[in-house]
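A.B. asks: After the C-alpha cells below, expect a handful of questions from me.
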Number of protein chains: 2
Amino acid sequence: MSILVVGSLAFDDIETPFGSSPDTLGGSSTYIALSASYFSDDINMVGVVGSDFTDEHFTLLHSRNIDTQGIRKVEDGKTFRWAGRYHYDMNTRDTLDTRLNVFADFDPHVPEQYRKSKFVCLGNIDPELQVKVLDQITAPEMVICDTMNFWIEGKPEELKKTLERVDVFIINDSEARILSGDPNLVRSARIIREMGPKILIIKKGEHGALLFTDSGIFAAPAYPLESIYDPTGAGDTFAGGFIGHLSRCENITDLELRKAVLYGSAMASFCVEMFGTERVVGLDLLEIEDRYQSFLDLSRIEA
Amino acid sequence: MSILVVGSLAFDDIETPFGSSPDTLGGSSTYIALSASYFSDDINMVGVVGSDFTDEHFTLLHSRNIDTQGIRKVEDGKTFRWAGRYHYDMNTRDTLDTRLNVFADFDPHVPEQYRKSKFVCLGNIDPELQVKVLDQITAPEMVICDTMNFWIEGKPEELKKTLERVDVFIINDSEARILSGDPNLVRSARIIREMGPKILIIKKGEHGALLFTDSGIFAAPAYPLESIYDPTGAGDTFAGGFIGHLSRCENITDLELRKAVLYGSAMASFCVEMFGTERVVGLDLLEIEDRYQSFLDLSRIEA
C-alpha cells in the first residue's frame, strides 16, 4: 500500500558524549521514509530542500526505493538545519541552533500521483500545514501524525483541528501531559483520544511505548541497549516502522497494531546505534526480523 | 515453602498530593510479609518494635497467617518512625523525619524454628545485619535482598560481602547506576551480577521492571494506573509477591522467574492504590489473579 510522508528534510549537527556528527542527513520525513522503506516499496515524500541537498542525498533515498518527486528543491535557498547537543544520560538535549531556511516557506504541494495515498504520515510540522496536506488527499485509509511541544504550546487550536482528522497520533509522554493538562498518562490518553485520534501511541524513550486503542492498553518495552550513540530521529524511525508494518496488513486489527508498535520499536532501536540515519540506511530484512523477535522475547511469558 | 522475612517494622507519617496518613503501619518487612502471605501460609518475621506496636498490629499480621514470634518487642522503646512527603508527580519524595528508635539497636536473632527456612528475604537494612541473618540460616535455597542508596554509599564493602551470598538482588534503576558506577542499565546489570547475585531485578517505578538472568532479559511493564495514592512500600510489596510466587514453584525456571516478576508487579500495583498497607491487607486471591492477567494482557502479542 502506498505511503505518503510529509515532513522536514534537514542537515543536523549532532553532538553526543560519544562524539559529534556534523552535516548529517536528517529531518522527520527522512527518518520516517527510510524506516518505512523496509516494509513497503511505494513510499512517496513531499518536502522542500535547498541547493545544498545534492544528488548524493537523493541517490541515498532512491537506493531505498523512495519516490522523491514531491521534494521541491529551491536552488537559491539552503536546507533546514538543526544543531543539538545530548547530555550525558542521552535522554535530554539542548538545541544549539535552528535555521529554518527554505523550510520557513514550506507550502506542501501533493503531486497528483500521490493524492490517492492510502497511508499518510504527517511528520512534526506546523499543524496548519498538516491540515493543508490532508485537504489534498482523496480518501486516506489511515492518517498518522506526530507533533512536538513547540506546536502544542504555540498552535494548540490548529493542532486540535488537525487531530480531528487523524487516526493515529504519536507523541511522547511529556508532550501528552502538556496537551492533556493531566500528569497521569492513562487519563491523558483518554483526553487526547477524545480530541479525535482513536489510536494513540505515547512514547517513553528508554522506557518503551504505550498503545491506547478501544481494545485497551499495550505496553511495549524498550530494547535494553548497551550502547546508545545518537537518539536523533528515533521517534520518526519508530513512526516509519509502525506505519510500514500496517501498510502491509490486509486488516488492521488490534494484534497488528501491537505488532506495528514492536516493529516501530525495533527500527528505533537500530536508529540510536549509530549517528544520524547511518544505521537505518544499511539494514536488511533479516536483522529487522531478528530484532523484532528479540522484542517479543523481552516480554514473553508463555512457555 | 517457608519464607523468612527480615527487615524493618515501622510507623509512617505519609503526605501525598491526595492527602495525608499519619501513624500508618509500615516498614519493609511488613510490606514484604503481607504481600507474600497471599502465596504462602508459612511466613515468619524477624524484627524489632516498641511498646507502641500493640496487639492490634500483631493481630493484623496474624490475620494474614504470619508468624510473628521472631519480632522482639522492646517495652521501654518506640517503634521506628519515618515521615515523608511525595511530590506532585509521585515519583519523588522528601524524607521529613527518620527516628530509628528501637531499630537503632536491632540485632537480628533468628529463632531456632526459622533456621531451616528455604526462602530468605532480606529487607532494606544494614548489610552487616543482612549477613548476620544469613549466618544463622542452615541451608537457604534462595536468598533475596533489597537495599538502598544509604547503604550503597555508606557501606559499599559490607554490601558487596552480602551480595556474594545473595541469589536475587532487587534494586531500583538509580541505585543500580550508583552501585555499578555505569549509567547504562545493561552494563550496570552485568557489573552487579558479577558481584554475586545471578538474578537481578532492576525496578523502574512507573516504567516497570527488568529481570536479568543467565537466560537473558525480561521487561515487565508497569500497570498504567489512573490513580496512584501512595507509593510507600510498593518496592517491598513487589519483593513479597515475587518471593511468594517462587515459594510455591516446584522448580524455579526462567519462566517462573518471569511470572514472579509479574506477580510482584501486580501486588505493587495494588499497594499504591491506597495509603500504607491498607490495600495489601484486604486483597483476595481472585483479584490478584485478575490483576496478574491484566499484566499478561498488557504485553500480549500472540493472537
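By order in the C-alpha cells, chains are A, B, ...; within a chain, residues start at 1; ligands start at 1, following the order shown.
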Do you have, as CSV, the list of residues of chain B lying at most 8 Å from chain A, each with its nearest atom pair and that distance in Å to one decimal, counting only C-alpha atoms and ordered by chain then number?
C.D. replies:
```
residue,atom,partner,partner_atom,distance
B:Asp89,CA,A:Pro183,CA,7.1
B:Pro183,CA,A:Asp89,CA,7.0
B:Asn184,CA,A:Glu226,CA,6.5
B:Leu185,CA,A:Pro224,CA,7.5
B:Val186,CA,A:Glu226,CA,5.5
B:Arg187,CA,A:Glu226,CA,6.1
B:His207,CA,A:His207,CA,6.0
B:Ile217,CA,A:Leu298,CA,6.1
B:Phe218,CA,A:Leu298,CA,4.8
B:Ala219,CA,A:Ser299,CA,5.3
B:Ala220,CA,A:Ser299,CA,6.4
B:Pro221,CA,A:Ala219,CA,6.2
B:Pro224,CA,A:Val186,CA,6.2
B:Leu225,CA,A:Val186,CA,6.6
B:Glu226,CA,A:Val186,CA,5.5
B:Ser227,CA,A:Asn184,CA,7.7
B:Leu255,CA,A:Ile301,CA,6.5
B:Arg258,CA,A:Ile301,CA,6.5
B:Lys259,CA,A:Ile301,CA,6.9
B:Leu296,CA,A:Ile301,CA,7.6
B:Asp297,CA,A:Phe218,CA,7.6
B:Leu298,CA,A:Phe218,CA,4.8
B:Ser299,CA,A:Ala219,CA,5.3
B:Arg300,CA,A:Phe218,CA,7.6
B:Ile301,CA,A:Leu255,CA,6.4
B:Glu302,CA,A:Leu255,CA,7.4
B:Ala303,CA,A:Leu255,CA,6.4
```
A.B. asks: Apply DSSP to the backbone of this structure and, from region 80-204 of chain B, keep only the residues in strand (DSSP E); write these as JSON, numbers by chain.
C.D. replies: {"B": [80, 81, 82, 83, 84, 85, 86, 93, 94, 95, 96, 97, 98, 99, 119, 120, 121, 122, 142, 143, 144, 145, 146, 168, 169, 170, 171, 172, 199, 200, 201, 202, 203]}
A.B. asks: Could you list, as a ChimeraX atom specification, every residue within 9 Å of region 266-283 of chain A, counting only C-alpha atoms and ignoring same-chain residues fewer than 3 positions away?
C.D. replies: /A:12,14,20-21,24-26,30-31,34-35,38,60-61,63-64,222-225,227-242,261-263,286-289,291-292,294-295
A.B. asks: From the options B:Gly196, B:Gly123, B:Pro156, B:Pro22, which residue's atoms come nearest to Ile171 (chain B), counting only C-alpha atoms?
C.D. replies: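 Among the listed residues, the smallest separation from Ile171 (chain B) belongs to B:Gly123.
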A.B. asks: Rounded to one decimal place, report the CA of Asn124 (chain B)-CA of Thr54 (chain B) distance in Å.
C.D. replies: 23.4 Å
A.B. asks: Which distance in Å separates CA of Asp167 (chain B) and CA of Gln293 (chain B), to one decimal?
C.D. replies: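 It comes out at 27.2 Å.
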A.B. asks: Given the choices B:Leu9, B:Val168, B:Leu134, B:Ala36, which gets closest to Lys116 (chain B) if the distance is worked out from only C-alpha atoms?
C.D. replies: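 Selected residue with least distance to Lys116 (chain B): B:Leu134.
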A.B. asks: Find the distance between CA of Lys132 (chain A) and CA of Lys73 (chain A) and write it in Å to one decimal.
C.D. replies: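 Computing it gives 19.6 Å between the two atoms.
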A.B. asks: Return the single residue from B:Val102, B:Leu200, B:Met45, B:Leu96 that is closest to Ala10 (chain B), with distances computed using only C-alpha atoms.
C.D. replies: B:Val102
A.B. asks: Enumerate the residues of region 3-33 of chain B with a DSSP assignment of helix (DSSP H, G or I), computed from the backbone, and present them as a list in words.
C.D. replies: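 Those residues are Ser28, Ser29, Thr30, Tyr31, Ile32 and Ala33 of chain B.
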A.B. asks: Could you pull the residues within 12 Å of Ala139 (chain A), counting only C-alpha atoms, minus those fewer than 4 positions along the same chain, as a list in words?
C.D. replies: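 With the cut-off at 12 Å, the set is Tyr114, Arg115, Lys116, Ser117, Lys118, Phe119, Val120, Leu134, Asp135, Val143 and Arg165 of chain A.
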A.B. asks: Could you take the residues named above and write them with all heavy atoms, as a JSON list (two decimals), in the first residue's frame?
C.D. replies:
```json
[["chain", "number", "residue", "atom", "x", "y", "z"],
["A", 114, "TYR", "N", 0.21, 11.30, -6.04],
["A", 114, "TYR", "CA", 0.25, 10.87, -4.64],
["A", 114, "TYR", "C", -1.11, 11.04, -3.95],
["A", 114, "TYR", "O", -1.27, 10.66, -2.79],
["A", 114, "TYR", "CB", 1.23, 11.71, -3.81],
["A", 114, "TYR", "CG", 2.70, 11.65, -4.16],
["A", 114, "TYR", "CD1", 3.60, 12.49, -3.51],
["A", 114, "TYR", "CD2", 3.21, 10.75, -5.11],
["A", 114, "TYR", "CE1", 4.95, 12.46, -3.81],
["A", 114, "TYR", "CE2", 4.56, 10.72, -5.41],
["A", 114, "TYR", "CZ", 5.43, 11.60, -4.75],
["A", 114, "TYR", "OH", 6.77, 11.57, -5.03],
["A", 115, "ARG", "N", -2.07, 11.65, -4.63],
["A", 115, "ARG", "CA", -3.26, 12.10, -3.91],
["A", 115, "ARG", "C", -4.20, 10.98, -3.49],
["A", 115, "ARG", "O", -5.11, 11.19, -2.71],
["A", 115, "ARG", "CB", -4.02, 13.15, -4.76],
["A", 115, "ARG", "CG", -3.16, 14.37, -4.97],
["A", 115, "ARG", "CD", -3.91, 15.58, -5.43],
["A", 115, "ARG", "NE", -2.96, 16.71, -5.45],
["A", 115, "ARG", "CZ", -3.31, 17.97, -5.55],
["A", 115, "ARG", "NH1", -4.59, 18.29, -5.66],
["A", 115, "ARG", "NH2", -2.41, 18.92, -5.55],
["A", 116, "LYS", "N", -3.97, 9.81, -4.05],
["A", 116, "LYS", "CA", -4.79, 8.68, -3.64],
["A", 116, "LYS", "C", -4.07, 7.79, -2.62],
["A", 116, "LYS", "O", -4.45, 6.64, -2.41],
["A", 116, "LYS", "CB", -5.22, 7.86, -4.86],
["A", 116, "LYS", "CG", -6.24, 8.62, -5.68],
["A", 116, "LYS", "CD", -6.77, 7.81, -6.83],
["A", 116, "LYS", "CE", -7.87, 8.60, -7.56],
["A", 116, "LYS", "NZ", -8.09, 8.10, -8.93],
["A", 117, "SER", "N", -3.04, 8.33, -1.99],
["A", 117, "SER", "CA", -2.28, 7.57, -0.99],
["A", 117, "SER", "C", -3.23, 7.03, 0.08],
["A", 117, "SER", "O", -4.13, 7.72, 0.54],
["A", 117, "SER", "CB", -1.24, 8.46, -0.30],
["A", 117, "SER", "OG", -0.25, 8.85, -1.21],
["A", 118, "LYS", "N", -3.01, 5.79, 0.45],
["A", 118, "LYS", "CA", -3.85, 5.16, 1.47],
["A", 118, "LYS", "C", -3.34, 5.46, 2.87],
["A", 118, "LYS", "O", -4.11, 5.60, 3.81],
["A", 118, "LYS", "CB", -3.89, 3.63, 1.25],
["A", 118, "LYS", "CG", -4.65, 3.24, -0.01],
["A", 118, "LYS", "CD", -6.09, 3.72, 0.06],
["A", 118, "LYS", "CE", -6.80, 3.55, -1.27],
["A", 118, "LYS", "NZ", -8.00, 4.41, -1.35],
["A", 119, "PHE", "N", -2.02, 5.52, 3.00],
["A", 119, "PHE", "CA", -1.42, 5.83, 4.30],
["A", 119, "PHE", "C", -0.74, 7.19, 4.22],
["A", 119, "PHE", "O", 0.06, 7.42, 3.31],
["A", 119, "PHE", "CB", -0.41, 4.76, 4.71],
["A", 119, "PHE", "CG", -1.06, 3.47, 5.10],
["A", 119, "PHE", "CD1", -1.45, 2.54, 4.14],
["A", 119, "PHE", "CD2", -1.32, 3.19, 6.44],
["A", 119, "PHE", "CE1", -2.07, 1.36, 4.51],
["A", 119, "PHE", "CE2", -1.94, 2.02, 6.81],
["A", 119, "PHE", "CZ", -2.32, 1.09, 5.85],
["A", 120, "VAL", "N", -1.07, 8.05, 5.14],
["A", 120, "VAL", "CA", -0.48, 9.38, 5.15],
["A", 120, "VAL", "C", 0.22, 9.58, 6.49],
["A", 120, "VAL", "O", -0.40, 9.43, 7.55],
["A", 120, "VAL", "CB", -1.54, 10.47, 4.96],
["A", 120, "VAL", "CG1", -0.89, 11.85, 5.00],
["A", 120, "VAL", "CG2", -2.30, 10.26, 3.65],
["A", 134, "LEU", "N", -3.72, 17.14, 4.24],
["A", 134, "LEU", "CA", -4.90, 16.27, 4.27],
["A", 134, "LEU", "C", -5.96, 16.75, 3.29],
["A", 134, "LEU", "O", -6.68, 15.94, 2.68],
["A", 134, "LEU", "CB", -5.48, 16.19, 5.69],
["A", 134, "LEU", "CG", -4.59, 15.49, 6.73],
["A", 134, "LEU", "CD1", -5.28, 15.44, 8.09],
["A", 134, "LEU", "CD2", -4.20, 14.09, 6.27],
["A", 135, "ASP", "N", -6.06, 18.06, 3.10],
["A", 135, "ASP", "CA", -7.04, 18.62, 2.15],
["A", 135, "ASP", "C", -6.77, 18.16, 0.72],
["A", 135, "ASP", "O", -7.65, 18.23, -0.13],
["A", 135, "ASP", "CB", -7.02, 20.16, 2.20],
["A", 135, "ASP", "CG", -7.71, 20.68, 3.46],
["A", 135, "ASP", "OD1", -8.49, 19.93, 4.08],
["A", 135, "ASP", "OD2", -7.45, 21.84, 3.83],
["A", 143, "VAL", "N", -4.45, 8.04, 8.67],
["A", 143, "VAL", "CA", -3.62, 9.24, 8.81],
["A", 143, "VAL", "C", -2.88, 9.15, 10.15],
["A", 143, "VAL", "O", -3.49, 9.00, 11.20],
["A", 143, "VAL", "CB", -4.47, 10.52, 8.77],
["A", 143, "VAL", "CG1", -3.58, 11.74, 9.03],
["A", 143, "VAL", "CG2", -5.19, 10.64, 7.44],
["A", 165, "ARG", "N", -8.85, 14.95, 12.38],
["A", 165, "ARG", "CA", -8.75, 14.19, 11.14],
["A", 165, "ARG", "C", -7.66, 13.13, 11.16],
["A", 165, "ARG", "O", -7.30, 12.58, 10.13],
["A", 165, "ARG", "CB", -8.52, 15.18, 9.98],
["A", 165, "ARG", "CG", -9.69, 16.15, 9.84],
["A", 165, "ARG", "CD", -9.36, 17.30, 8.92],
["A", 165, "ARG", "NE", -9.22, 16.87, 7.54],
["A", 165, "ARG", "CZ", -8.96, 17.69, 6.53],
["A", 165, "ARG", "NH1", -8.83, 19.01, 6.77],
["A", 165, "ARG", "NH2", -8.84, 17.25, 5.31]]
```
